[in-house]
Structure formats: C-alpha cells, structure tokens
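Let me begin by presenting the structure, written as structure tokens, before commenting on it.
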Amino acid sequence: MPAASSSGSARKSRSFPLAKTRSRKRKPQTFLSKIGSFGNIMQEQKMLKLGQVFLAALLAFISVLSAVADRAPGVTYDARSLIINGSRELLFSGSIHYPRSTPEMWGDILHKAKKGGLNVIQTYVFWNVHEPVQGQYNFNGNYDLVKFIKMISKLGMYATLRVGPFIEAEWNFGGFPYWLREVPNITFRTDNEPFKYHMKKFTKVIIKKMKDEKLFASQGGPIILSQIENEYTNVQLAYKTLGTRYIQWAGKMAVGLKTGVPWVMCMQKDAPDPVINACNGRNCGDTFTGPNSPNKPRLWTENWTAQYRVFGDPPSQRSAEDLAYSVARFFSKNGTLANYYMYYGGTNFGRTPSSFVTTRYYDEAPIDEYGLLREPKWGHLRDLHSALRLCKKALLWGTPTVQNLGEGLEAQVYEKPGTGICAAFLSNNSTRLPRQVMFKGIEYYLPQRSISILADCKTVVYNTGMVVSQHSSRKYHQSEIANKNLRWEMWRDNIPTTSDAPIKSKSPLELMSTTKDTTDYLWYATSIKLYPTDLPFRKDIIPVLQVANLGHLMHAFVNGEYIGSGHGSNIEKSFVLQKPIELKPGLNNISLLSATVGLPDSGAYMEHRFAGVHKVTLKGLNTGTLDLSLNGWAHKVGLDGEKLHVYRQGASHRVQWTKAKKHGQSLTWYKAYFDAPEGNDPVVMQLGTMSKGMAWVNGKSIGRYWSSYLSPLERPSQDVYHVPRAFLKPTDNLLVLLEEIGGNPEGVKILTVSRDVVCSFIHERDPVTVKSWKTNGGLIRTVADDMKPRAHLQCPEDKKIVKVEFASYGNPFGACGSYGVGNCSAAKSQKVVEQRCLGRSKCSVKVERKNFDKAGSLCPDVLKMLAVQVRCGDGKSAPSKAGEGRDS
C-alpha cells in the first residue's frame, strides 16, 4: 500500500506539481544547494506548463466532440437559413439539367459553375425519360442521374433535386410519360387516386435510388433539398377543393419518405409544414411575400436568367447588371439561397421540348448552349458571389435594419453589435438616374438601379451596375475539314392514300391519342370521286381546300402533289389552312400530314389536350361547299423513313438514295458524310437554308429545326444547331435531315464556335475587382497592391492572346466585337495594351492616366474609359477570320 501510495503521489506530482500536499523538513541551503533548488523550481514550472497545455488540449478535444455531436449529418432550417450539418450557409445555386447535355460535357460545365462561385446545383428529375414504358426504367447515358449527382458531390458542391414529378421545364408533357395519360379514370395533379398512386410510386423509386447510393446530406451525400410538385398555384383554382387536398397530400407524402433533408414547393403559399414555400420569378427580392411560417427561410428556386424561346420568337436577353441587382436585392432582404434558372440551359435533343420550344434552351444563361462562358454575365455574377461571401458573418448572424436614404434610396444593414462585423447594401431603385448618397458620413455614387455592397459598412467591394469583369463575343467559323467532301443524296418519303393507311374511321382521329407520342406525325387520307359537272366551268374559279386543325402543323397533298403548309403558334396552337387546289374528274386523293411540335407542358387538365385535323371542307365546286369531315378517313402513324431508321448508319441502305437536287421537294430525306472538324471547339450545323424538319448525326437526334418560321425581325428564331463532340467519330459521320417543306441542302454547313474574342470596358470610377479583398474573422482586409481599377483579360482554356484587335483610352463606345473610337483617345493605347498582354494567357491593364497620358493633356475634363478587345488562339497559326458569323 505505501509503495502504491508513493507511486501514485509521484504520478500526481509529475502531472500537477503545484498540487503537493506532503510537507518536508527544510535543510540549511548552501550556494550549490540553492542552485540545485533553482533547477528543481524551473523543472517544476516546466511541468506545470506542460500540464496546462495538456488540460487545454483535453478541453478543446471535448469541445470538438461536443460540436461534432451537435453537427449531426442532415439539413434543418430556421427563419434565417438552411443549416447544413450544423452550419449556416449562403447558397448560390444554378440549374443544370443532365438530359440537356452529354455525360462527356457534365464535368466541364459543373467545374465552370463552381469557378463561377456556385456551391449548389439544381436539377429536375425527368419522369418520361426514366420510365418511357410503364414499369421499365432507364438511367443510362445522359439520363444517368446518379452519375450526375456524384459528379456534383466530387466537386464539393451541394445539390437540389426537383423530383416533381410534374416539372413543366419546357419539357415534353411537363415530364409526364405519355402512358400516364392512358391510365383509366386519371386526372393529373389533383386528388385523384390513379394519379396519386403513380406519382407516389415514381417518387419512391427516385428517393430509394438516391438513398441506396447515399446521396442525401443526411447520409453524407450532396443533396440538401428536394422539391415536390412545381408551381401548383398556377392551376390549383381549377381543381377547387380537390386541388387543396392534393397539395396537402403531396407534402405529407414527400415528408413521409424520410430523406433527412427539407422539401420545398415553389410558388406555393399554402405549402404544408414542414415543407418550405419558395419563390420563382425575376425579382423575388421585391415580389416574394415571404415564407408561410415564421420559422422558414427565404429561398429563391428560379431566377430566370433570360427567357426560353419558342419558334417565332425574337432573341431574348437579360443583362448581367439586372440579374446581379435582383440577386443582391434578395440577399439584402434576408434571402440565403438563390438559384439561377438556367445557369446552363443546353440542348433539347430529339423530341424532348414542349410545344413550339426551340432546340436551343436558355442560351442566354451564364454558360451558353455549347458550354462556353457567356461574359460578362458569368464573371459579373462570380464577383457578386464573392462579394456576398465577404458579408457572410454579417448576413447570417447580424441584426438587420433598414435606413431610408431618400426617394428610391435605402440602406439594408446587417450588424453584429460589439464585434465590428457589419455589411450594408446601398440601393438606388430608380431605373433612370444615378444618385449620390450619404451613409455613415461618407458619400457614395450609385448608378441607376444598382446596389453597392459594403462588406464592412464602409468599403464598396462591388456594385451591381458597374461591370468590371471581362466580356466576350461568340463567333462561328466554317470548318474546312468537315465541309470539304459534303455531298448530298436524297430520298423522298411515301405519300399514302386511303389504301396505304391502315387505321380507318368515319371522321379524322385525334392526333396525340393515335400516335401515343411515338412520333410527331400522323397521316390523314381520304378520297373523293368527282364528275366533270362538279368542277368549276370558269377558269377564274379554283377549288379551295380548307382544313381546321387543332395544332400544331400540317402539310397538305392532293393527288400526291404538295399544295402547302399551315401552322399555329405557341400562343394559339390551332389554325386553318386554306389553299387553292387542282382537282380532276374521277378519283382525287387528299393526304394531310399533321404534326405536333412537342406536347404541352403546363396548365390544368393536360390529359385532355387535343391536336390534329378537325374539320375538312372543299369550296368552289359547282355543287357548293362540300364537307369531307365524315367522308371516311384512313390514318397512318409516322413516316416510312422513321420506321426504316434511315438516319442510322446500318439502316440507311434500306432505301434508294439519289443525288440531291439544289432545291428539293417536300417530305424529303437528305444524307451526307463528313469528317469531324479540326480542333476541340464545339460543333454546330448551319441550317438556315432548310425549312422545317429534324436532324440526326450518327443516329443521334439533334432535334427539330424550323428555319422557315421567322421572328418579327424577319429572321429564324434559330438557325444553328449544336452537335456535341461526343456524337462524332474522327471520320465518316452520317448526317441525315428530314425536310418536310423543301429546302436547299447545299447551304448546310458544319461550323465550329468559340469565344476567343475577349474584351474589357472599364471606367475610371469603377470599383476594383472584388478579388482585392479577403475576410479575417468577419473583418475585411485589402490584398491588392493598389486600389486602381484595371482591365482584366483571360483567354479560355490553354489559349493565349495572339492579337490586340482594339484598344482605346478615352471615350470609346460600343460592345465587345464592335467597339469604336470616340473623339478622345490616347495615341499609345494599342501599344500599352500590347506590351502588357500579347503572348499571355491573362493580363491586366491599370486604368490610370499616367499609363496612357503622362502629360495629362488628353481631354482633361472627360472621365476616361478603357476599351480593349483581344483575340485568343493557340499561337501556332494566324487567328481565324471573324467574318463567319457572330452573336452575343
């Protein structure tokens, strides 16, 4: 026992030397003994410090264990924000839809989204591509949802999964598979048992798939939010109490699947707890009335970066400044998640888009259809995200207040008392006039409709109306390799008569329920026997065929001859075709090819929509108007070329091809072979000389084209079509076009597209780039050498600046790709920029008078601007000519 006690005392002494309790008899100390005692004291103090360090480390470790216990995996929320694995986050999200690009493109697009400052990717789940046949599922190729979500996770980003399963999305039938329409007694999106059964079944399939792969944040995965239903408010009133009951059921059903992350409903004020209601729109900072419960955060699920386009539309645009203003406004009003719809739109391949929607989708997004950065939108938003992150502590933990600074002027302030953490948003909400405002004793300049972000309530780190990021201009270049041996052959599809069309009925059948969405096309055929006395005797009277069609498009043939086409529009699908025709005594065959251009994607009672031929009459006969609606009709689903798969490499030989004529007939198939274009730039087809139809490359559908449908600007809504590089082989690529009306295939060209023209347009009074600041404990500090505005230029990928095409310091004007010199320009502008930029992948040029005008004599009373335009290339060859076509 004594030994043990002594041993224990020794251990205690080593650990805590000041805790001695045993007394010792003092001895007289000599000089040497004093030195020895001093050494013992030093040793004891050293041990004490070690013990204190150990204790502190132990307490810190216990604290960490406690924090880890509190940070259970999963997502919760309160009125301030989502709380992800125990942490509050500012969430910058972008919509990227996996079926609208190829798996080979996903990585690059997602990487660019992350570089753009996003930390969340949002996608819909597309029911009709995953379950095209009831009970048969497809998650392969560009429908590989799991692969897409895992790629998001690998980049360290979060995901929002919009299960729907109704999605709208300008997608065929709003994402519903066609077979759902034929379920007995079904009514979509209401308190209807057949619909709820199938909706729940598919939702459970998706949730199980995500759980099995451990993709929810509660399992350590990236998915932090799921969405059930979509913008149901738009149709809810049509279903009355059945709609109210349905939305309550949908919320309860979703929550019951226990994903460990919250569910959201966009544009749904009565979203049942705990489902979060979110905003869709262009300006949710002002239009969103807020969550329907005080403990829910403010979420913005769709901020429209432009406008999707339909055939017949003019170009759509939304400026980088307006988009940035809307996001800054939302975050200044307690918003903590904003999603760009779309951040990358991509391509509607095949027959996937809804009624009249173009193949190109949201090309005006920060990343364009081809996966190229659309500047300055991408860069200006990237800088906004950086500026908001500088304000993170203030926004998530500060106390918000609002100060009125004058008419249309205000300051939204977030401050954490006693810490120095403070952020302010100074807003000029006037759409016309710039303003000077006083805030905390300092004067600030605010352009019209802009917000300045003050990350410390003093320093402007960003203004939504002052673009300091670079610009770019998109150009198309004709490929020498691909067009070198482009030789066209043709084959005309068959025009059936009543004897060739197998489906018979007294009157014309409804198109959608007959084709079952297996094709766009349905033939209607009838015949009429006429006697010479039935035909007009006068030469100035010609019979007229009149066809009332419920939509969307129709081509008419009489006795095998094409007589004309008619179509509706996205607003009014139905139309009436009236064409003069030539009839003969005896039997006359009338063949009508009716077509849809995508199925509807929105509105109440979608299962009851109709299309196709409705009423047919002949006018101008001696016997008067003749109604053929009950004349007896024969129908044929699809075209022979479709059934024979003539667009595929191994099947095109099934028909007899001949050398193509310059201007072909209606309903003609064309084919040619081409080699893959040089380089690695994206590939497109120029189809402006064609009319209406569909294109395939190596058997893969590029989508519908409709070059003859002109916008109010007298130009096609779309005349270039994306061909992903993943679709191509090095040589002998089969290109097939189905032309419905008649076009000139000789005008079809294979092009490459680039954004190698990079520009900057900087004003002397612009703020420096937001990269000039960093945060330290919630306080900002400068990391730049100086605080002068600069023109920053960077080439895409591995390219370098090979030419300075324009440079002017003074008062230049114009836009990237078309700058002009004003009446005040420094003579050495070009030389200064060339010295700093030529041969480099990136460069910056300080917007400072001494760089361009040492004497200070250049227009001394004019505030100066610097406009620069450079061309990027690989440096191995001369830059390609810019005359092949350009757009913004």
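Residue numbers start at 1 in each chain; chains themselves are named A, B, ... in the order of the structure tokens; ligands are numbered from 1 in the order shown.
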(request) Identify, on the basis of only C-alpha atoms, every residue whose closest approach to His608 (chain A) does not exceed 9 Å; exclude the query and any residue fewer than 2 positions from it along the same chain; express the result as a VMD selection string. (result) chain A and resid 181 187 605 to 606 610
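Inside region 197-280 of chain A, the residues DSSP reads as strand (DSSP E) when given the backbone are Ile223, Ile224, Leu225, Ser226, Gln227, Ile228, Trp263, Val264, Met265, Cys266, Ile276, Asn277, Ala278, Cys279 and Asn280 of chain A.
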(message) If we count only C-alpha atoms and set the cut-off at 7 Å, which residues sit around Ile121 (chain A), ignoring sequence neighbours fewer than 3 positions away in its own chain? Please answer as a VMD selection string.
(response) chain A and resid 93 to 96 158 to 160
Could you write out the selected residues, including all heavy atoms, as a PDB file, in the first residue's frame?
```pdb
ATOM      1  N   SER A  93     -26.903  28.949 -56.211  1.00  0.00           N
ATOM      2  CA  SER A  93     -27.294  27.735 -56.918  1.00  0.00           C
ATOM      3  C   SER A  93     -27.535  28.017 -58.391  1.00  0.00           C
ATOM      4  O   SER A  93     -27.892  29.136 -58.781  1.00  0.00           O
ATOM      5  CB  SER A  93     -28.563  27.182 -56.259  1.00  0.00           C
ATOM      6  OG  SER A  93     -29.059  26.067 -56.959  1.00  0.00           O
ATOM      7  N   GLY A  94     -27.366  26.995 -59.202  1.00  0.00           N
ATOM      8  CA  GLY A  94     -27.642  27.117 -60.621  1.00  0.00           C
ATOM      9  C   GLY A  94     -28.298  25.871 -61.171  1.00  0.00           C
ATOM     10  O   GLY A  94     -27.919  24.751 -60.819  1.00  0.00           O
ATOM     11  N   SER A  95     -29.293  26.046 -62.036  1.00  0.00           N
ATOM     12  CA  SER A  95     -29.965  24.911 -62.661  1.00  0.00           C
ATOM     13  C   SER A  95     -29.145  24.408 -63.843  1.00  0.00           C
ATOM     14  O   SER A  95     -28.806  25.173 -64.756  1.00  0.00           O
ATOM     15  CB  SER A  95     -31.364  25.306 -63.130  1.00  0.00           C
ATOM     16  OG  SER A  95     -32.218  25.521 -62.040  1.00  0.00           O
ATOM     17  N   ILE A  96     -28.822  23.116 -63.810  1.00  0.00           N
ATOM     18  CA  ILE A  96     -28.153  22.426 -64.905  1.00  0.00           C
ATOM     19  C   ILE A  96     -28.858  21.083 -65.038  1.00  0.00           C
ATOM     20  O   ILE A  96     -28.884  20.302 -64.086  1.00  0.00           O
ATOM     21  CB  ILE A  96     -26.653  22.221 -64.616  1.00  0.00           C
ATOM     22  CG1 ILE A  96     -25.952  23.582 -64.472  1.00  0.00           C
ATOM     23  CG2 ILE A  96     -25.993  21.391 -65.708  1.00  0.00           C
ATOM     24  CD1 ILE A  96     -24.502  23.483 -64.017  1.00  0.00           C
ATOM     25  N   TYR A 158     -23.173  21.124 -53.315  1.00  0.00           N
ATOM     26  CA  TYR A 158     -24.454  20.570 -52.894  1.00  0.00           C
ATOM     27  C   TYR A 158     -25.366  20.415 -54.112  1.00  0.00           C
ATOM     28  O   TYR A 158     -25.092  20.935 -55.202  1.00  0.00           O
ATOM     29  CB  TYR A 158     -25.131  21.487 -51.878  1.00  0.00           C
ATOM     30  CG  TYR A 158     -24.346  21.719 -50.608  1.00  0.00           C
ATOM     31  CD1 TYR A 158     -23.973  23.000 -50.231  1.00  0.00           C
ATOM     32  CD2 TYR A 158     -24.000  20.664 -49.771  1.00  0.00           C
ATOM     33  CE1 TYR A 158     -23.263  23.241 -49.060  1.00  0.00           C
ATOM     34  CE2 TYR A 158     -23.290  20.888 -48.596  1.00  0.00           C
ATOM     35  CZ  TYR A 158     -22.923  22.188 -48.252  1.00  0.00           C
ATOM     36  OH  TYR A 158     -22.222  22.404 -47.099  1.00  0.00           O
ATOM     37  N   ALA A 159     -26.495  19.718 -53.894  1.00  0.00           N
ATOM     38  CA  ALA A 159     -27.468  19.512 -54.972  1.00  0.00           C
ATOM     39  C   ALA A 159     -28.880  19.708 -54.446  1.00  0.00           C
ATOM     40  O   ALA A 159     -29.172  19.394 -53.288  1.00  0.00           O
ATOM     41  CB  ALA A 159     -27.324  18.122 -55.580  1.00  0.00           C
ATOM     42  N   THR A 160     -29.739  20.239 -55.298  1.00  0.00           N
ATOM     43  CA  THR A 160     -31.179  20.285 -55.049  1.00  0.00           C
ATOM     44  C   THR A 160     -31.854  19.409 -56.094  1.00  0.00           C
ATOM     45  O   THR A 160     -31.638  19.590 -57.294  1.00  0.00           O
ATOM     46  CB  THR A 160     -31.728  21.718 -55.158  1.00  0.00           C
ATOM     47  OG1 THR A 160     -31.116  22.531 -54.163  1.00  0.00           O
ATOM     48  CG2 THR A 160     -33.228  21.737 -54.960  1.00  0.00           C
TER      49      THR A 160
END
```
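The shortest atom-to-atom distance to Glu489 (chain A), with only C-alpha atoms taken into account, belongs to A:Val736 out of A:Lys296, A:Ala424, A:Val736, A:Leu583.
Across A:Arg781, A:Lys150, A:Lys729, A:Lys788, the tightest approach to Lys214 (chain A) is made by A:Lys150 when counting only C-alpha atoms.
Comparing the minimum interatomic distances between Val684 (chain A) and each of A:Lys240, A:Lys579, A:Lys506, A:His477, counting only C-alpha atoms, we find that A:His477 sits nearest.
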